[in-house]
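Visitor: First, the structure itself, so that you have it in front of you.
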Amino acid sequence: MTIRFDDKVAIVTGAGAGLGRVYALGLAARGAKVVVNDFGGARDGSGGSPETALAVVEEIRKAGGTAIADGANVADFDQVQQMVKRAMTEFGRIDILVNNAGILRDKSFSKMEIADFKAVLDVHVMGSVNCTKAVWDIMRTQEYGRIVMTASSSGMYGNFGQSNYGTAKMALIGLMNALTTEGRKYNIKVNTIAPVAATRMTADILPEAMLQRIQPDRVGPGVLFLCSEDAPSKTIIAAGGGAFSVGTVVETAPVLLSDAELTPEGVAAHFGEIANWSTARAFDESNHQVQAFLKLASGQ
C-alpha cells in the first residue's frame with residue numbers, strides 16, 4: 001500500500017536545509033500541506049534569516065505542492081504559538097509534527113560554558129516541548145496526530161564533546177515515552193528518529209567520501225513511515241545511509257538479595273547475575289517496571 005498524506009497538514013521544524021528539508025519535500029510530494037519552519041540561524045543557533053525556509057517552500061510549490069514558510073524560533077513558546085495559529089488559519093488542522101530543529105555547541109564538558117549547555121537544551125528539548133505543546137490539544141480534539149522527535153546516538157550511547165547535545169537527545173526519548181501513554185486514547189502516536197546523515201551538523205566530522213553515502217534523503221523514508229497513518233508508537237528508528245534499525249531501553253531481570261546480603265558487598269557479589277543481559281527485556285510503561293520490583297519484594 002502506498003503511503004500518502006492527502007488532506008494532512010504537517011509542521012516540520014528546522015526544515016530549511018538538511019534532514020528537515022528532505023522531510024518537508026517528502027511529505028509535500030505525498031500530498032501533505034507543509035509548514036516549513038526554520039529560524040535560519042547558523043549551526044550554533046546565532047543569526048537568523050527567512051531565506052532558507054522560503055527557498056524550500058518555493059521548491060515545494062514548483063513541484064505542485066502546498067506549503068508556507070515560518071521563521072519561528074522554536075525555543076520561544078510565543079513564537080511557536082503564533083506559528084501554530086497561522087497554520088490553523090491557513091489549513092484548518094495539524095496532523096503531523098516533526099521536531100527536527102537543532103543546534104550544536106560542541107566542547108568537552110570541562111571547557112563548556114553553562115550558557116552553551118543551556119542553549120542546546122533550549123532548542124532541542126524546549127523547542128520540541130514548545131511545538132508539541134502548541135499542537136497537542138489540536139490533535140486531541142481531532143483524535144489524530146503523528147509526532148516525531150529527533151534523538152541521536154550521542155544521547156543513546158555517548159559521544160565526546162557532546163554532553164549538552166547528548167543530554168538533550170536522551171531527554172526527547174523520555175518525552176516520547178510519556179506522551180505515547182497520554183496520547184494513546186486520542187490516536188496520537190509519538191515516535192523518534194535517530195539519524196546518521198550528512199548535514200551541516202556533521203560536515204566537519206566525517207570524510208567527504210562517507211558523507212556522500214549518508215545523504216539526508218537516505219533517512220527520509222523512515223521519518224515518513226513514522227508520520228503515516230499505520231505508524232507504530234513509542235518506537236526509536238535509527239537510520240543512516242539507507243539502513244534502518246530499532247532501538248529501545250531494556251533492563252535485566254531484578255535479582256532479590258537476602259537481608260544478610262543487602263550491603264554494597266552483597267551487590268558486588270551478585271553483580272554478574274544482576275547484569276545478566278540474557279534476561280533483559282523492555283517495559284511498556286514505568287508501572288510495569290515498578291511492578292516487577294514490587295512482586296519480588298513482596299515474595300510473589
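Residues in the C-alpha cells are named by chain (A, B, ... in the order shown) and by number from 1 within that chain; ligands are numbered from 1 in the order shown.
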Can you check which residues of region 34-189 of chain A DSSP gives as strand (DSSP E or B) on the backbone and send them as a list in words?

Guide: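 DSSP-assigned strand (DSSP E or B) residues in region 34-189 of chain A: Val34, Val35, Val36, Asn37, Thr66, Ala67, Ile68, Ala69, Asp70, Ile96, Leu97, Val98, Gly145, Arg146, Ile147, Val148, Met149, Thr150, Ile188 and Lys189 of chain A.
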
Visitor: Store the residues picked out above, limited to N, CA and C atoms, as a short mmCIF file (atom, residue, chain, number, x, y, z; two decimals), in the first residue's frame.

Guide:
```cif
data_model
loop_
_atom_site.label_atom_id
_atom_site.label_comp_id
_atom_site.auth_asym_id
_atom_site.auth_seq_id
_atom_site.Cartn_x
_atom_site.Cartn_y
_atom_site.Cartn_z
N VAL A 34 2.38 21.62 3.99
CA VAL A 34 3.52 21.66 4.90
C VAL A 34 3.82 23.08 5.38
N VAL A 35 4.02 23.21 6.68
CA VAL A 35 4.57 24.43 7.26
C VAL A 35 6.07 24.20 7.39
N VAL A 36 6.83 24.94 6.60
CA VAL A 36 8.29 24.81 6.59
C VAL A 36 8.83 25.81 7.61
N ASN A 37 9.20 25.30 8.78
CA ASN A 37 9.71 26.18 9.83
C ASN A 37 11.23 26.17 9.82
N THR A 66 1.81 22.23 -1.71
CA THR A 66 1.30 23.37 -0.95
C THR A 66 2.14 23.54 0.31
N ALA A 67 2.65 24.75 0.53
CA ALA A 67 3.49 24.98 1.70
C ALA A 67 3.52 26.46 2.04
N ILE A 68 3.79 26.75 3.31
CA ILE A 68 4.04 28.11 3.76
C ILE A 68 5.32 28.09 4.60
N ALA A 69 6.00 29.22 4.63
CA ALA A 69 7.23 29.33 5.41
C ALA A 69 6.93 30.00 6.75
N ASP A 70 7.69 29.61 7.77
CA ASP A 70 7.56 30.25 9.07
C ASP A 70 8.92 30.31 9.74
N ILE A 96 0.53 16.37 11.67
CA ILE A 96 1.89 15.83 11.79
C ILE A 96 2.82 16.92 12.30
N LEU A 97 3.66 16.56 13.24
CA LEU A 97 4.72 17.46 13.71
C LEU A 97 6.04 16.68 13.71
N VAL A 98 7.02 17.20 13.00
CA VAL A 98 8.36 16.62 13.03
C VAL A 98 9.27 17.61 13.74
N GLY A 145 -3.01 12.36 15.48
CA GLY A 145 -1.76 13.09 15.47
C GLY A 145 -0.58 12.15 15.31
N ARG A 146 0.42 12.62 14.61
CA ARG A 146 1.66 11.87 14.46
C ARG A 146 2.80 12.84 14.78
N ILE A 147 3.58 12.50 15.80
CA ILE A 147 4.67 13.36 16.25
C ILE A 147 5.97 12.58 16.19
N VAL A 148 7.00 13.20 15.63
CA VAL A 148 8.33 12.58 15.55
C VAL A 148 9.33 13.46 16.29
N MET A 149 10.00 12.88 17.28
CA MET A 149 11.13 13.53 17.96
C MET A 149 12.41 13.15 17.23
N THR A 150 13.48 13.88 17.51
CA THR A 150 14.78 13.55 16.92
C THR A 150 15.79 13.29 18.04
N ILE A 188 -2.97 9.61 19.01
CA ILE A 188 -1.75 10.38 18.80
C ILE A 188 -0.58 9.42 19.00
N LYS A 189 0.20 9.23 17.95
CA LYS A 189 1.36 8.33 18.03
C LYS A 189 2.63 9.17 18.04
#
```

Visitor: Sorted by chain and rising residue number, list the residues of region 46-124 of chain A at most 8 Å from region 2-9 of chain A (counting only C-alpha atoms), each with its closest atom pair and distance in Å to one decimal, as CSV.

Guide:
```
residue,atom,partner,partner_atom,distance
A:Phe91,CA,A:Val9,CA,7.1
A:Arg93,CA,A:Val9,CA,6.4
A:Ile94,CA,A:Val9,CA,4.9
A:Asp95,CA,A:Val9,CA,5.3
A:Ile96,CA,A:Val9,CA,6.3
```

Visitor: Based on the selection just made, write all heavy atoms of those residues as a CSV table (one decimal), in the first residue's frame.

Guide:
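Everything below was put into selection.csv:
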```
chain,number,residue,atom,x,y,z
A,91,PHE,N,-4.8,26.3,7.1
A,91,PHE,CA,-5.1,25.0,6.7
A,91,PHE,C,-6.2,24.3,7.5
A,91,PHE,O,-6.7,23.3,7.1
A,91,PHE,CB,-3.9,24.1,6.7
A,91,PHE,CG,-2.7,24.6,5.9
A,91,PHE,CD1,-1.5,24.7,6.4
A,91,PHE,CD2,-3.0,24.9,4.5
A,91,PHE,CE1,-0.4,25.2,5.5
A,91,PHE,CE2,-1.9,25.3,3.7
A,91,PHE,CZ,-0.7,25.4,4.2
A,93,ARG,N,-6.2,22.5,10.3
A,93,ARG,CA,-5.9,21.4,11.1
A,93,ARG,C,-4.4,21.2,11.1
A,93,ARG,O,-3.7,21.7,10.3
A,93,ARG,CB,-6.6,20.1,10.7
A,93,ARG,CG,-6.3,19.7,9.2
A,93,ARG,CD,-7.1,18.5,8.8
A,93,ARG,NE,-6.8,17.3,9.5
A,93,ARG,CZ,-7.7,16.6,10.3
A,93,ARG,NH1,-8.9,17.1,10.5
A,93,ARG,NH2,-7.3,15.5,10.9
A,94,ILE,N,-3.9,20.4,12.1
A,94,ILE,CA,-2.5,20.0,12.1
A,94,ILE,C,-2.4,18.5,12.5
A,94,ILE,O,-2.9,18.1,13.5
A,94,ILE,CB,-1.6,20.8,13.1
A,94,ILE,CG1,-1.7,22.3,12.7
A,94,ILE,CG2,-0.2,20.3,13.2
A,94,ILE,CD1,-1.1,23.2,13.8
A,95,ASP,N,-1.9,17.7,11.6
A,95,ASP,CA,-1.9,16.2,11.8
A,95,ASP,C,-0.5,15.7,12.1
A,95,ASP,O,-0.4,14.6,12.8
A,95,ASP,CB,-2.4,15.6,10.5
A,95,ASP,CG,-3.7,16.0,10.0
A,95,ASP,OD1,-4.7,15.6,10.6
A,95,ASP,OD2,-3.8,16.9,9.1
A,96,ILE,N,0.5,16.4,11.7
A,96,ILE,CA,1.9,15.8,11.8
A,96,ILE,C,2.8,16.9,12.3
A,96,ILE,O,2.8,18.1,11.8
A,96,ILE,CB,2.4,15.3,10.4
A,96,ILE,CG1,1.5,14.2,9.9
A,96,ILE,CG2,3.9,15.0,10.5
A,96,ILE,CD1,1.7,13.9,8.4
```

Visitor: At a cut-off of 10 Å, can you tabulate as CSV every residue of region 109-204 of chain A near region 79-86 of chain A together with its closest atom pair and the distance in Å to one decimal, using only C-alpha atoms and ordering rows by chain then number?

Guide:
```
residue,atom,partner,partner_atom,distance
A:Gly127,CA,A:Val80,CA,8.7
A:Asn130,CA,A:Val80,CA,6.7
A:Cys131,CA,A:Val80,CA,6.1
A:Thr132,CA,A:Val80,CA,9.6
A:Lys133,CA,A:Gln81,CA,9.0
A:Ala134,CA,A:Gln81,CA,5.8
A:Val135,CA,A:Val84,CA,7.0
A:Ile138,CA,A:Val84,CA,9.7
```

Visitor: Kindly save the residues from that selection, with all heavy atoms included, as an mmCIF file, in the first residue's frame.

Guide:
```cif
data_model
loop_
_atom_site.group_PDB
_atom_site.id
_atom_site.type_symbol
_atom_site.label_atom_id
_atom_site.label_comp_id
_atom_site.auth_asym_id
_atom_site.auth_seq_id
_atom_site.Cartn_x
_atom_site.Cartn_y
_atom_site.Cartn_z
ATOM 1 N N GLY A 127 12.452 23.363 22.579
ATOM 2 C CA GLY A 127 11.887 23.571 21.244
ATOM 3 C C GLY A 127 10.898 22.489 20.885
ATOM 4 O O GLY A 127 9.802 22.766 20.376
ATOM 5 N N ASN A 130 7.857 22.897 23.247
ATOM 6 C CA ASN A 130 7.020 24.032 22.839
ATOM 7 C C ASN A 130 6.142 23.689 21.643
ATOM 8 O O ASN A 130 4.929 23.973 21.640
ATOM 9 C CB ASN A 130 7.904 25.236 22.482
ATOM 10 C CG ASN A 130 8.542 25.869 23.702
ATOM 11 O OD1 ASN A 130 8.090 25.694 24.824
ATOM 12 N ND2 ASN A 130 9.616 26.609 23.479
ATOM 13 N N CYS A 131 6.752 23.089 20.615
ATOM 14 C CA CYS A 131 5.986 22.764 19.412
ATOM 15 C C CYS A 131 4.944 21.684 19.697
ATOM 16 O O CYS A 131 3.806 21.763 19.214
ATOM 17 C CB CYS A 131 6.931 22.310 18.302
ATOM 18 S SG CYS A 131 8.005 23.628 17.684
ATOM 19 N N THR A 132 5.316 20.690 20.480
ATOM 20 C CA THR A 132 4.389 19.609 20.796
ATOM 21 C C THR A 132 3.235 20.126 21.646
ATOM 22 O O THR A 132 2.075 19.780 21.421
ATOM 23 C CB THR A 132 5.126 18.460 21.511
ATOM 24 O OG1 THR A 132 6.205 18.010 20.683
ATOM 25 C CG2 THR A 132 4.196 17.300 21.788
ATOM 26 N N LYS A 133 3.544 20.954 22.630
ATOM 27 C CA LYS A 133 2.505 21.532 23.482
ATOM 28 C C LYS A 133 1.529 22.372 22.661
ATOM 29 O O LYS A 133 0.311 22.320 22.872
ATOM 30 C CB LYS A 133 3.146 22.391 24.570
ATOM 31 C CG LYS A 133 2.166 23.094 25.495
ATOM 32 C CD LYS A 133 1.346 22.126 26.309
ATOM 33 C CE LYS A 133 0.456 22.876 27.303
ATOM 34 N NZ LYS A 133 -0.461 21.955 28.031
ATOM 35 N N ALA A 134 2.055 23.112 21.698
ATOM 36 C CA ALA A 134 1.214 24.003 20.897
ATOM 37 C C ALA A 134 0.243 23.253 19.993
ATOM 38 O O ALA A 134 -0.819 23.784 19.643
ATOM 39 C CB ALA A 134 2.094 24.937 20.059
ATOM 40 N N VAL A 135 0.589 22.015 19.603
ATOM 41 C CA VAL A 135 -0.317 21.252 18.720
ATOM 42 C C VAL A 135 -1.083 20.154 19.469
ATOM 43 O O VAL A 135 -1.988 19.546 18.901
ATOM 44 C CB VAL A 135 0.459 20.592 17.550
ATOM 45 C CG1 VAL A 135 1.228 21.650 16.759
ATOM 46 C CG2 VAL A 135 1.398 19.491 18.027
ATOM 47 N N ILE A 138 -4.909 20.394 19.790
ATOM 48 C CA ILE A 138 -5.488 20.302 18.446
ATOM 49 C C ILE A 138 -5.579 18.842 18.035
ATOM 50 O O ILE A 138 -6.616 18.376 17.538
ATOM 51 C CB ILE A 138 -4.630 21.099 17.437
ATOM 52 C CG1 ILE A 138 -4.692 22.596 17.756
ATOM 53 C CG2 ILE A 138 -5.084 20.828 15.998
ATOM 54 C CD1 ILE A 138 -3.661 23.421 17.010
#
```

Visitor: Could you give me, as a ChimeraX atom specification, the residues within 12 Å of Arg21 (chain A), counting only C-alpha atoms and dropping anything in the same chain fewer than 5 positions from it?

Guide: /A:11-16,26-28,34-38,52-60,69,98,100-101,199,215-217,219-220

Visitor: Pick the closest to Leu179 (chain A) from A:Glu51, A:Asp122, A:Asp106, A:Glu285: which is it, counting only C-alpha atoms?

Guide: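 Smallest separation from Leu179 (chain A) among the options: A:Glu285.
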
Visitor: Skipping near chain neighbours, those fewer than 4 positions away, what residues fall within 9 Å of Asp284 (chain A) using only C-alpha atoms, listed as a compact mmCIF listing (two decimals) with all heavy atoms, in the first residue's frame?

Guide:
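Contents of selection.txt, as written:
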```
# COMPACT_ATOMS: atom_id res chain seq x y z
N ASN A 177 8.25 8.71 25.46
CA ASN A 177 7.67 7.65 26.29
C ASN A 177 6.43 8.13 27.04
O ASN A 177 5.40 7.46 27.07
CB ASN A 177 8.72 7.14 27.28
CG ASN A 177 9.83 6.35 26.62
OD1 ASN A 177 9.67 5.86 25.50
ND2 ASN A 177 10.95 6.24 27.29
N LYS A 234 5.90 4.90 20.19
CA LYS A 234 6.97 4.66 21.16
C LYS A 234 8.11 3.84 20.54
O LYS A 234 8.65 2.94 21.16
CB LYS A 234 6.42 3.96 22.40
CG LYS A 234 7.31 4.07 23.63
CD LYS A 234 6.69 3.31 24.79
CE LYS A 234 7.58 3.34 25.99
NZ LYS A 234 7.03 2.51 27.09
N HIS A 288 5.00 -0.99 34.83
CA HIS A 288 5.33 -2.41 34.64
C HIS A 288 6.69 -2.73 35.24
O HIS A 288 6.90 -3.80 35.82
CB HIS A 288 5.32 -2.76 33.15
CG HIS A 288 3.97 -2.60 32.52
ND1 HIS A 288 3.78 -2.57 31.16
CD2 HIS A 288 2.74 -2.46 33.07
CE1 HIS A 288 2.49 -2.41 30.90
NE2 HIS A 288 1.85 -2.34 32.05
N GLN A 289 7.63 -1.79 35.14
CA GLN A 289 8.94 -1.98 35.75
C GLN A 289 8.82 -1.95 37.27
O GLN A 289 9.40 -2.78 37.97
CB GLN A 289 9.90 -0.91 35.25
CG GLN A 289 11.35 -1.11 35.71
CD GLN A 289 11.75 -0.18 36.84
OE1 GLN A 289 10.91 0.39 37.53
NE2 GLN A 289 13.04 -0.06 37.05
```
